[in-house]
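final21.txt follows; it contains compact mmCIF, C-alpha atoms and all ligand atoms.
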```txt
# COMPACT_ATOMS: atom_id res chain seq x y z
CA MET A 159 -40.00 -69.09 -67.25
CA SER A 160 -43.43 -67.38 -67.47
CA GLN A 161 -45.60 -67.19 -64.35
CA GLY A 162 -48.04 -69.69 -65.86
CA GLY A 163 -45.11 -71.96 -66.65
CA LEU A 164 -43.90 -71.65 -63.08
CA ALA A 165 -47.31 -72.54 -61.71
CA THR A 166 -47.33 -75.63 -63.93
CA ALA A 167 -43.84 -76.52 -62.72
CA VAL A 168 -44.99 -76.16 -59.10
CA LYS A 169 -47.98 -78.39 -59.76
CA LYS A 170 -45.71 -80.94 -61.40
CA ALA A 171 -43.37 -80.88 -58.40
CA LEU A 172 -46.37 -81.47 -56.13
CA THR A 173 -47.29 -84.64 -58.02
CA GLY A 174 -44.12 -86.06 -56.45
CA ILE A 175 -45.75 -85.93 -53.01
CA VAL A 176 -47.66 -89.12 -52.31
CA ASN A 177 -50.16 -89.22 -49.48
CA PRO A 178 -49.37 -92.44 -47.61
CA ALA A 179 -52.93 -92.53 -46.30
CA THR A 180 -54.39 -92.85 -49.83
CA GLY A 181 -51.44 -93.98 -51.95
CA GLN A 182 -52.27 -91.18 -54.40
CA ASP A 183 -50.19 -88.12 -55.12
CA VAL A 184 -51.65 -84.96 -53.62
CA VAL A 185 -52.50 -83.39 -57.01
CA ASP A 186 -54.28 -86.44 -58.44
CA GLY A 187 -55.94 -86.91 -55.08
CA GLY A 188 -57.48 -83.45 -55.40
CA GLN A 189 -55.79 -82.06 -52.30
CA VAL A 190 -54.03 -79.22 -54.08
CA SER A 191 -55.86 -76.36 -55.79
CA ALA A 192 -55.47 -72.73 -56.85
CA VAL A 193 -51.76 -73.05 -57.63
CA ASP A 194 -50.40 -69.63 -58.48
CA VAL A 195 -47.00 -67.97 -58.75
CA ASP A 196 -46.77 -64.16 -58.88
CA ALA A 197 -44.22 -61.99 -60.67
CA GLU A 198 -41.95 -61.94 -57.57
CA GLY A 199 -41.77 -65.72 -57.52
CA ASN A 200 -44.19 -66.13 -54.57
CA ALA A 201 -45.96 -69.43 -55.00
CA ARG A 202 -49.33 -69.98 -53.37
CA PHE A 203 -51.72 -72.89 -53.27
CA VAL A 204 -54.54 -74.35 -51.24
CA PHE A 205 -53.88 -77.67 -49.52
CA SER A 206 -56.88 -79.61 -48.23
CA LEU A 207 -55.87 -81.81 -45.33
CA ARG A 208 -58.03 -84.83 -44.72
CA ARG A 209 -58.72 -86.83 -41.64
CA GLY A 210 -55.83 -89.24 -41.04
CA ASP A 211 -53.31 -87.35 -43.17
CA PRO A 212 -49.83 -87.24 -41.66
CA GLY A 213 -48.90 -83.76 -40.49
CA VAL A 214 -45.69 -83.73 -42.52
CA LEU A 215 -47.63 -83.71 -45.78
CA VAL A 216 -48.02 -79.94 -45.87
CA ARG A 217 -44.37 -79.41 -45.08
CA ARG A 218 -43.32 -81.81 -47.82
CA ALA A 219 -45.61 -80.04 -50.29
CA ARG A 220 -44.20 -76.68 -49.27
CA ALA A 221 -40.64 -77.97 -49.66
CA ALA A 222 -41.42 -79.44 -53.10
CA ALA A 223 -42.88 -76.14 -54.32
CA GLY A 224 -39.97 -74.22 -52.81
CA GLY A 225 -37.54 -76.43 -54.69
CA VAL A 226 -38.83 -75.31 -58.10
CA GLU A 227 -36.37 -73.02 -59.83
CA GLY A 228 -37.70 -69.46 -59.89
CA VAL A 229 -39.86 -69.87 -56.78
CA LYS A 230 -38.70 -67.50 -54.01
CA ALA A 231 -41.28 -68.14 -51.30
CA VAL A 232 -44.19 -70.49 -50.74
CA LYS A 233 -47.47 -69.74 -48.99
CA VAL A 234 -49.80 -72.66 -48.34
CA ASP A 235 -53.43 -72.05 -47.39
CA VAL A 236 -54.22 -75.15 -45.37
CA GLN A 237 -57.87 -76.20 -45.35
CA LEU A 238 -58.56 -78.14 -42.20
CA PRO A 239 -60.71 -81.24 -41.97
CA GLN A 240 -63.97 -80.93 -40.08
CA THR A 241 -64.35 -81.87 -36.40
CA PRO A 242 -63.50 -83.98 -34.58
CA ALA A 243 -59.79 -83.47 -35.15
CA ASP A 244 -58.45 -86.42 -37.08
CA GLY A 245 -56.73 -89.20 -35.28
CA GLU A 246 -57.55 -87.69 -31.90
CA SER A 247 -59.98 -89.28 -29.55
CA PRO A 248 -61.75 -86.96 -27.13
CA ALA A 249 -59.59 -88.57 -24.45
CA ASP A 250 -56.48 -87.49 -26.34
CA ARG A 251 -57.61 -83.94 -26.37
CA GLN A 252 -58.18 -84.07 -22.64
CA SER A 253 -54.76 -85.54 -22.02
CA ASP A 254 -53.46 -82.58 -20.11
CA ALA A 255 -54.91 -82.70 -16.68
CA ARG A 256 -56.45 -79.24 -16.66
CA PRO A 257 -60.11 -78.60 -17.38
CA ARG A 258 -60.59 -78.06 -21.09
CA PRO A 259 -62.87 -75.14 -21.84
CA GLN A 260 -65.57 -75.54 -24.44
CA GLY A 261 -65.35 -73.52 -27.60
CA LEU A 262 -62.86 -73.74 -30.43
CA GLN A 263 -61.45 -77.18 -31.09
CA PRO A 264 -58.57 -78.13 -33.33
CA GLY A 265 -60.01 -78.92 -36.73
CA SER A 266 -63.16 -76.90 -36.23
CA VAL A 267 -61.79 -73.59 -37.36
CA PRO A 268 -60.98 -72.07 -40.72
CA PRO A 269 -57.33 -71.50 -41.65
CA PRO A 270 -55.80 -68.62 -39.75
CA THR A 271 -56.21 -65.13 -41.07
CA PRO A 272 -54.04 -62.96 -38.86
CA LYS A 273 -54.73 -59.29 -39.32
CA PRO A 274 -51.72 -57.48 -40.70
CA GLY A 275 -50.64 -54.61 -38.49
CA ILE A 276 -51.03 -56.29 -35.09
CA LEU A 277 -47.73 -55.93 -33.24
CA ALA A 278 -46.30 -54.10 -36.22
CA GLY A 279 -43.36 -52.89 -34.11
CA VAL A 280 -42.33 -56.45 -33.29
CA LYS A 281 -39.82 -58.00 -35.65
CA ARG A 282 -40.08 -61.65 -34.57
CA ILE A 283 -42.71 -63.59 -32.68
CA ILE A 284 -42.17 -67.16 -31.54
CA ALA A 285 -44.39 -69.42 -29.44
CA ILE A 286 -43.00 -71.90 -26.93
CA SER A 287 -45.39 -74.81 -26.94
CA SER A 288 -45.82 -78.54 -26.40
CA GLY A 289 -48.76 -80.87 -26.46
CA LYS A 290 -48.04 -81.59 -22.85
CA GLY A 291 -48.08 -79.92 -19.47
CA GLY A 292 -45.21 -79.53 -17.04
CA VAL A 293 -42.42 -80.24 -19.53
CA GLY A 294 -40.64 -76.90 -19.08
CA LYS A 295 -42.28 -74.56 -21.61
CA SER A 296 -42.29 -71.62 -19.24
CA MET A 297 -38.73 -72.37 -18.14
CA VAL A 298 -37.56 -72.44 -21.76
CA ALA A 299 -39.57 -69.32 -22.67
CA THR A 300 -38.17 -67.45 -19.67
CA ASN A 301 -34.58 -68.33 -20.47
CA LEU A 302 -34.81 -67.75 -24.21
CA ALA A 303 -36.24 -64.30 -23.53
CA ALA A 304 -33.60 -63.49 -20.91
CA HIS A 305 -30.86 -64.78 -23.21
CA ALA A 306 -32.04 -62.59 -26.10
CA ALA A 307 -32.34 -59.54 -23.83
CA ALA A 308 -28.84 -60.14 -22.45
CA ARG A 309 -27.57 -60.09 -26.02
CA GLY A 310 -29.02 -56.63 -26.44
CA LEU A 311 -32.24 -57.49 -28.28
CA ALA A 312 -35.36 -55.60 -27.23
CA THR A 313 -37.35 -58.58 -25.98
CA GLY A 314 -40.87 -59.17 -24.75
CA LEU A 315 -42.42 -62.20 -23.10
CA LEU A 316 -46.15 -62.71 -23.36
CA ASP A 317 -47.64 -65.28 -20.98
CA ALA A 318 -50.45 -66.85 -22.98
CA ASP A 319 -51.18 -69.37 -20.24
CA ILE A 320 -54.49 -68.00 -19.12
CA TYR A 321 -55.37 -70.96 -16.90
CA GLY A 322 -52.16 -71.07 -14.92
CA PRO A 323 -49.80 -68.20 -15.68
CA ASN A 324 -46.22 -69.12 -14.64
CA ILE A 325 -44.28 -66.09 -15.81
CA PRO A 326 -44.87 -63.83 -12.78
CA VAL A 327 -43.28 -66.42 -10.47
CA MET A 328 -40.42 -67.24 -12.84
CA PHE A 329 -39.49 -63.55 -12.94
CA GLY A 330 -40.28 -62.95 -9.28
CA GLU A 331 -42.69 -60.18 -10.26
CA ARG A 332 -45.54 -59.12 -8.00
CA ARG A 333 -46.07 -55.58 -9.24
CA ARG A 334 -49.20 -54.50 -11.06
CA PRO A 335 -48.55 -53.11 -14.53
CA PRO A 336 -49.24 -49.38 -14.81
CA VAL A 337 -51.82 -48.03 -17.23
CA SER A 338 -50.97 -45.10 -19.46
CA GLY A 339 -52.67 -42.99 -22.10
CA ALA A 340 -55.74 -40.83 -22.29
CA LYS A 341 -59.15 -42.00 -21.10
CA GLY A 342 -60.73 -44.24 -23.71
CA SER A 343 -57.41 -45.19 -25.27
CA GLU A 344 -55.56 -46.52 -22.25
CA MET A 345 -52.71 -48.95 -22.75
CA ILE A 346 -51.25 -51.38 -20.21
CA GLU A 347 -47.50 -50.97 -19.77
CA PRO A 348 -45.54 -54.21 -19.72
CA LEU A 349 -43.41 -54.76 -16.61
CA GLU A 350 -39.69 -54.69 -17.31
CA SER A 351 -37.87 -57.39 -15.40
CA HIS A 352 -34.35 -58.75 -15.95
CA GLY A 353 -34.29 -56.75 -19.19
CA VAL A 354 -37.45 -58.37 -20.58
CA ARG A 355 -40.83 -56.67 -21.08
CA LEU A 356 -43.47 -58.93 -19.53
CA MET A 357 -47.21 -59.30 -19.67
CA SER A 358 -49.25 -61.98 -17.96
CA LEU A 359 -52.81 -62.37 -16.79
CA GLY A 360 -51.17 -63.26 -13.48
CA PHE A 361 -50.28 -59.57 -13.04
CA LEU A 362 -53.89 -58.54 -13.46
CA LEU A 363 -55.79 -61.24 -11.57
CA ASP A 364 -55.95 -61.40 -7.83
CA ARG A 365 -53.51 -63.95 -6.55
CA ALA A 366 -54.78 -67.54 -6.30
CA GLN A 367 -57.91 -66.67 -8.23
CA PRO A 368 -58.44 -69.54 -10.64
CA ALA A 369 -58.79 -68.46 -14.23
CA ILE A 370 -61.67 -70.43 -15.67
CA MET A 371 -62.41 -69.22 -19.13
CA ARG A 372 -63.97 -70.31 -22.35
CA GLY A 373 -62.32 -70.37 -25.77
CA PRO A 374 -63.73 -67.11 -27.13
CA LEU A 375 -62.69 -65.31 -23.97
CA ILE A 376 -59.15 -66.64 -24.28
CA ALA A 377 -58.99 -65.36 -27.84
CA GLY A 378 -60.19 -61.98 -26.56
CA ILE A 379 -57.56 -61.76 -23.84
CA LEU A 380 -54.72 -62.76 -26.15
CA LYS A 381 -55.83 -60.17 -28.67
CA GLN A 382 -56.02 -57.53 -25.97
CA PHE A 383 -52.55 -58.47 -24.80
CA MET A 384 -51.32 -57.76 -28.30
CA GLU A 385 -53.33 -54.66 -29.08
CA GLN A 386 -53.67 -52.96 -25.72
CA VAL A 387 -50.26 -53.52 -24.21
CA ALA A 388 -47.66 -50.87 -24.97
CA TRP A 389 -45.01 -53.32 -26.14
CA GLY A 390 -43.21 -50.69 -28.20
CA ASP A 391 -40.62 -51.77 -30.74
CA LEU A 392 -39.30 -55.26 -30.06
CA ASP A 393 -36.72 -57.38 -31.82
CA LEU A 394 -38.28 -60.51 -30.38
CA MET A 395 -41.47 -61.50 -28.65
CA VAL A 396 -41.58 -64.89 -26.95
CA VAL A 397 -45.03 -66.30 -26.23
CA ASP A 398 -45.30 -68.87 -23.43
CA MET A 399 -48.18 -71.17 -24.37
CA PRO A 400 -50.41 -73.26 -22.12
CA PRO A 401 -50.24 -77.05 -22.53
CA GLY A 402 -52.36 -78.84 -25.08
CA THR A 403 -53.41 -78.22 -28.65
CA GLY A 404 -56.47 -76.15 -28.02
CA ASP A 405 -57.94 -72.73 -28.00
CA ALA A 406 -54.93 -70.67 -27.06
CA GLN A 407 -52.75 -72.12 -29.82
CA LEU A 408 -55.45 -71.62 -32.43
CA SER A 409 -56.30 -68.14 -31.19
CA LEU A 410 -52.68 -67.12 -31.33
CA VAL A 411 -52.06 -68.20 -34.91
CA GLN A 412 -55.34 -66.60 -35.92
CA THR A 413 -54.51 -63.31 -34.27
CA VAL A 414 -50.94 -62.75 -35.28
CA ASP A 415 -48.49 -63.87 -37.92
CA LEU A 416 -46.06 -66.09 -35.99
CA ASP A 417 -42.51 -66.71 -37.14
CA GLY A 418 -42.74 -70.19 -35.70
CA ALA A 419 -43.15 -72.45 -32.72
CA VAL A 420 -40.54 -74.12 -30.53
CA MET A 421 -41.79 -77.43 -29.15
CA VAL A 422 -40.64 -78.59 -25.73
CA THR A 423 -40.78 -82.22 -24.68
CA THR A 424 -39.36 -84.49 -22.03
CA PRO A 425 -37.47 -87.48 -23.42
CA GLN A 426 -39.94 -90.27 -22.70
CA LYS A 427 -42.36 -91.77 -25.23
CA VAL A 428 -45.54 -90.74 -23.45
CA ALA A 429 -44.53 -87.09 -23.69
CA THR A 430 -43.39 -87.20 -27.31
CA GLY A 431 -46.81 -88.57 -28.34
CA ASP A 432 -48.48 -85.41 -27.05
CA VAL A 433 -45.82 -83.23 -28.62
CA ARG A 434 -46.33 -84.96 -31.96
CA ARG A 435 -49.98 -83.91 -31.80
CA GLY A 436 -48.86 -80.40 -30.93
CA ILE A 437 -46.56 -80.27 -33.94
CA LYS A 438 -49.32 -81.58 -36.20
CA MET A 439 -51.63 -78.85 -35.01
CA PHE A 440 -49.15 -76.09 -35.86
CA GLU A 441 -48.53 -77.63 -39.27
CA ARG A 442 -52.25 -77.73 -39.94
CA VAL A 443 -52.51 -74.05 -39.36
CA ASN A 444 -49.51 -73.41 -41.55
CA THR A 445 -47.14 -72.37 -38.77
CA ARG A 446 -43.48 -73.22 -39.02
CA VAL A 447 -42.12 -75.47 -36.29
CA LEU A 448 -38.66 -74.06 -35.56
CA GLY A 449 -37.49 -77.10 -33.67
CA VAL A 450 -37.74 -79.42 -30.70
CA VAL A 451 -36.11 -78.92 -27.29
CA GLU A 452 -35.68 -81.99 -25.10
CA ASN A 453 -35.91 -80.93 -21.47
CA MET A 454 -35.26 -82.77 -18.19
CA CYS A 455 -32.85 -85.01 -19.89
CA GLY A 456 -30.37 -86.70 -17.56
CA PHE A 457 -29.48 -85.75 -14.01
CA GLN A 458 -25.87 -85.56 -12.95
CA ILE A 459 -25.50 -86.79 -9.40
CA PRO A 460 -23.84 -83.94 -7.48
CA GLY A 461 -20.21 -84.67 -6.66
CA SER A 462 -20.02 -87.53 -9.14
CA ASP A 463 -19.73 -87.99 -12.89
CA GLU A 464 -22.65 -90.35 -12.93
CA VAL A 465 -25.62 -89.24 -15.06
CA VAL A 466 -29.02 -90.80 -14.43
CA ASP A 467 -31.55 -90.60 -17.26
CA LEU A 468 -34.59 -90.20 -15.05
CA PHE A 469 -36.99 -89.70 -17.95
CA GLY A 470 -35.10 -91.69 -20.55
CA ARG A 471 -33.10 -90.10 -23.29
CA GLY A 472 -33.36 -89.15 -26.94
CA GLY A 473 -37.16 -89.18 -27.41
CA GLY A 474 -37.23 -85.54 -28.53
CA GLU A 475 -34.34 -85.97 -30.91
CA GLU A 476 -35.93 -89.07 -32.39
CA LEU A 477 -39.21 -87.24 -32.86
CA ALA A 478 -37.47 -84.32 -34.55
CA ARG A 479 -35.67 -86.66 -36.92
CA GLU A 480 -38.83 -88.58 -37.74
CA LEU A 481 -40.78 -85.40 -38.54
CA SER A 482 -37.81 -83.69 -40.27
CA ILE A 483 -37.79 -80.82 -37.79
CA PRO A 484 -34.58 -79.31 -36.42
CA PHE A 485 -33.48 -80.66 -33.04
CA LEU A 486 -32.46 -77.63 -31.00
CA GLY A 487 -30.81 -79.40 -28.09
CA ARG A 488 -31.35 -80.94 -24.69
CA VAL A 489 -31.49 -79.37 -21.25
CA PRO A 490 -30.48 -81.53 -18.28
CA ILE A 491 -32.40 -81.71 -15.03
CA ASP A 492 -30.53 -79.20 -12.97
CA ILE A 493 -30.98 -78.02 -9.40
CA ALA A 494 -30.00 -74.56 -10.67
CA VAL A 495 -33.29 -74.45 -12.63
CA ARG A 496 -35.37 -75.17 -9.55
CA GLU A 497 -33.37 -72.66 -7.52
CA ALA A 498 -33.79 -70.05 -10.25
CA GLY A 499 -37.54 -70.67 -10.14
CA ASP A 500 -37.62 -70.14 -6.37
CA GLU A 501 -35.48 -67.06 -6.71
CA GLY A 502 -37.57 -65.59 -9.53
CA ARG A 503 -34.63 -65.18 -11.90
CA PRO A 504 -34.03 -66.90 -15.22
CA THR A 505 -31.36 -69.63 -14.91
CA VAL A 506 -29.17 -68.10 -17.64
CA LEU A 507 -28.80 -65.06 -15.34
CA SER A 508 -28.85 -66.65 -11.88
CA ALA A 509 -26.54 -69.60 -12.62
CA PRO A 510 -24.81 -68.91 -15.95
CA ASP A 511 -22.20 -71.61 -15.28
CA SER A 512 -24.73 -74.37 -14.62
CA PRO A 513 -25.13 -77.19 -17.16
CA ALA A 514 -28.76 -76.16 -17.82
CA ALA A 515 -27.79 -72.53 -18.51
CA ALA A 516 -25.06 -73.67 -20.92
CA SER A 517 -27.61 -75.73 -22.89
CA LEU A 518 -30.18 -72.95 -22.84
CA GLU A 519 -27.61 -70.44 -24.11
CA LYS A 520 -26.71 -72.75 -26.98
CA ILE A 521 -30.34 -73.34 -27.88
CA GLY A 522 -31.04 -69.60 -27.70
CA ALA A 523 -28.10 -68.75 -29.92
CA SER A 524 -29.04 -71.26 -32.59
CA LEU A 525 -32.64 -70.10 -32.52
CA LEU A 526 -31.64 -66.47 -33.01
CA GLU A 527 -29.47 -67.55 -35.92
CA THR A 528 -32.39 -69.39 -37.51
CA LEU A 529 -34.73 -66.44 -36.98
CA ALA A 530 -32.24 -64.13 -38.68
CA THR A 531 -32.55 -66.16 -41.89
CA LEU A 532 -36.35 -66.04 -42.10
CA PRO A 533 -38.24 -63.53 -44.24
CA ALA A 534 -39.69 -60.53 -42.39
CA ARG A 535 -43.12 -60.87 -40.78
CA ARG A 536 -46.04 -59.41 -42.69
N1 LIG B 601 -34.32 -78.82 -16.66
C1 LIG B 601 -34.94 -78.69 -15.49
N2 LIG B 601 -34.33 -79.00 -14.32
C2 LIG B 601 -34.98 -78.87 -13.13
N3 LIG B 601 -36.23 -78.43 -13.01
C3 LIG B 601 -36.90 -78.10 -14.14
C4 LIG B 601 -36.30 -78.22 -15.43
N4 LIG B 601 -37.20 -77.81 -16.35
C5 LIG B 601 -38.31 -77.46 -15.67
N5 LIG B 601 -38.14 -77.63 -14.35
C6 LIG B 601 -39.12 -77.36 -13.28
O1 LIG B 601 -40.29 -78.12 -13.60
C7 LIG B 601 -41.45 -77.38 -13.33
C8 LIG B 601 -42.29 -77.28 -14.59
O2 LIG B 601 -41.64 -76.43 -15.51
P1 LIG B 601 -42.44 -75.33 -16.33
O3 LIG B 601 -43.38 -74.60 -15.43
O4 LIG B 601 -41.49 -74.55 -17.13
O5 LIG B 601 -43.29 -76.32 -17.28
P2 LIG B 601 -44.49 -75.94 -18.24
O6 LIG B 601 -44.38 -76.84 -19.41
O7 LIG B 601 -44.50 -74.48 -18.51
O8 LIG B 601 -45.72 -76.32 -17.35
P3 LIG B 601 -47.27 -75.92 -17.60
O9 LIG B 601 -47.75 -76.90 -18.63
O10 LIG B 601 -47.89 -76.12 -16.26
O11 LIG B 601 -47.30 -74.51 -18.09
C9 LIG B 601 -40.99 -76.04 -12.79
O12 LIG B 601 -41.03 -76.08 -11.40
C10 LIG B 601 -39.57 -75.92 -13.28
O13 LIG B 601 -38.77 -75.13 -12.43
MG MG B 602 -46.02 -73.05 -18.28
```
Could you render the structure as structure tokens?
Amino acid sequence: MSQGGLATAVKKALTGIVNPATGQDVVDGGQVSAVDVDAEGNARFVFSLRRGDPGVLVRRARAAAGGVEGVKAVKVDVQLPQTPADGESPADRQSDARPRPQGLQPGSVPPPTPKPGILAGVKRIIAISSGKGGVGKSMVATNLAAHAAARGLATGLLDADIYGPNIPVMFGERRRPPVSGAKGSEMIEPLESHGVRLMSLGFLLDRAQPAIMRGPLIAGILKQFMEQVAWGDLDLMVVDMPPGTGDAQLSLVQTVDLDGAVMVTTPQKVATGDVRRGIKMFERVNTRVLGVVENMCGFQIPGSDEVVDLFGRGGGEELARELSIPFLGRVPIDIAVREAGDEGRPTVLSAPDSPAAASLEKIGASLLETLATLPARR
């Protein structure tokens, strides 16, 4: 088929996607424009999201275009609605307990335009995120990174939690990273710990100094962490995100081309609501959600077979099914995780036989398999 014919076929496929908010298909509704397919079969179009649109709309459109014979890859330029972010009340956006800095807000920014060339030596970059605080993002990030490193991958872990960096404690690191290079072009060396190259604002700030920063500053620090840290060549970089759907998430996707985000939730409804918002935000900025991890799911009473579902069960899996996102697995509440935290060693290394480590290993392995199938980063 000619390229023009392919573009027409893509447009036709997109008429099959009906926006439940309007009842109209997305082409007739004027939400799709600039449909183009190049000689290599790369399809591209602009998708204008509107207030109230379900987050899955973009993914469905992408899947429909990708299903057209002759189309090899699909790139969607998502146009975001104007502020305030749709469907979110200001209270929603404040739902994590920490102070929310002023500055960028979801929905107030143009689609991401990561500069090519940043972290060019890094093959894969994934963010570990959630809409919610305290669900185990840093624990999952720590263990996924340690798991990948133990399998022989050159792995980095970037702590993007500027307000409350957790990574130094989880790795038991108190050193200050050395600085190398000539005056004027100095680079910070990541700390290598348990086989993982680490960088965190926690290494650079004085201990217990609260990090109170505004959006633009966060963007600046993240960018510096990518450009001025001597990461070297990495097979995988894991980024541990702060809670919420705010500045850090937006800054990250605008700074660097992510391979995707892993969303962590606890099983109960109140948590999955926040995570749903988190997923929607990544979809809006055209970032693949690699899957959902359900953490703190079930506690086995020591010395007995009895399992108590302290936080309920299945909420993460249900959410994944509903949004057609892979469910990556569940991690039980495990004393080994708390002990690993106190010890400053990732659970997969400190207690490899624990139930939590077994789950984390499985999740890590399936994630690496998924990443291996994705096209290379730009
Ligand atoms: N499966 C688990 N079993 C036992 N303890 C856990 C488990 N998962 C996390 N924890 C503990 O819960 C606490 C919160 O976990 P973690 O810091 O990873 O969450 P977070 O989502 O990164 O939090 P924040 O939003 O503050 O960054 C930590 O003390 C951690 O050790
Ligand atoms: Mg954390």
Identify which of the residues A:Ser338, A:Leu408, A:Ala304, A:Glu331 lies closest to Glu501 in chain A, counting all atoms listed in the file when measuring atom-to-atom distances. A:Glu331
Find the residues with any atom within 8 Å of (-41.4, -80.2, -53.5); use all atoms listed in the file and the coordinates as given in the file, and write the answer as a list in words.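 Residues found, by chain and rising number: Val168, Ala171, Leu172, Gly174, Ile175, Arg218, Ala219, Arg220, Ala221, Ala222, Ala223, Gly224, Gly225 and Val226 of chain A.
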Residues around (-39.3, -82.3, -34.9), cut-off 8 Å, counting all atoms listed in the file - what are they as an MDAnalysis selection string? chainID A and resid 421 437 447 449:450 474:485
Non-local contacts of Glu347 in chain A (9 Å; all atoms listed in the file; under 6 positions in same chain excluded) as a ChimeraX atom specification: /A:335-338,355-357,386-389
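For the set A:Gly390, A:Pro504, A:Gly294, A:Gly342, the residue with the smallest atom-to-atom gap to ligand LIG 601 (chain B) is A:Gly294, counting all atoms listed in the file.
Closest approach to Pro510 in chain A from the set A:Ser160, A:Gln189, A:Asn301, A:Ser287 is made by A:Asn301, with distances taken over all atoms listed in the file.
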Selected residue of minimal separation from Gly330 in chain A among A:Ser351, A:Thr424, A:Ser288, A:Gln237, counting only C-alpha atoms: A:Ser351
Using only C-alpha atoms and all ligand atoms, which protein or nucleic acid residues are at most 6 Å from ligand MG 602 (chain B), as a VMD selection string? chain A and resid 295 to 296 324 400
Exercise answer, 6 Å around ligand LIG 601 (chain B) with only C-alpha atoms and all ligand atoms, as a PDB file with C-alpha atoms, in the frame of the given file:
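The resulting file, out-v8.pdb, is reproduced below:
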```
ATOM      1  CA  GLY A 291     -48.080 -79.920 -19.470  1.00  0.00           C
ATOM      2  CA  GLY A 292     -45.210 -79.530 -17.040  1.00  0.00           C
ATOM      3  CA  VAL A 293     -42.420 -80.240 -19.530  1.00  0.00           C
ATOM      4  CA  GLY A 294     -40.640 -76.900 -19.080  1.00  0.00           C
ATOM      5  CA  LYS A 295     -42.280 -74.560 -21.610  1.00  0.00           C
ATOM      6  CA  SER A 296     -42.290 -71.620 -19.240  1.00  0.00           C
ATOM      7  CA  MET A 297     -38.730 -72.370 -18.140  1.00  0.00           C
ATOM      8  CA  PRO A 400     -50.410 -73.260 -22.120  1.00  0.00           C
ATOM      9  CA  PRO A 401     -50.240 -77.050 -22.530  1.00  0.00           C
ATOM     10  CA  ASN A 453     -35.910 -80.930 -21.470  1.00  0.00           C
ATOM     11  CA  MET A 454     -35.260 -82.770 -18.190  1.00  0.00           C
ATOM     12  CA  VAL A 489     -31.490 -79.370 -21.250  1.00  0.00           C
ATOM     13  CA  PRO A 490     -30.480 -81.530 -18.280  1.00  0.00           C
ATOM     14  CA  ILE A 491     -32.400 -81.710 -15.030  1.00  0.00           C
ATOM     15  CA  ASP A 492     -30.530 -79.200 -12.970  1.00  0.00           C
ATOM     16  CA  ILE A 493     -30.980 -78.020  -9.400  1.00  0.00           C
ATOM     17  CA  VAL A 495     -33.290 -74.450 -12.630  1.00  0.00           C
ATOM     18  CA  ARG A 496     -35.370 -75.170  -9.550  1.00  0.00           C
ATOM     19  CA  GLY A 499     -37.540 -70.670 -10.140  1.00  0.00           C
TER      20      GLY A 499
END
```
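Between CA of Ala308 in chain A and CA of Ser512 in chain A lies a distance of 16.8 Å.
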Which residues are near Ala197 in chain A? Cut-off 10 Å, all atoms listed in the file, ignore same chain within fewer than 5 positions. Put them as a VMD selection string. chain A and resid 160 to 161 164 228 to 229
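The residue that comes closest to Ala303 in chain A, out of A:Val411, A:Val396, A:Val234, A:Leu486 and on the basis of all atoms listed in the file, is A:Val396.
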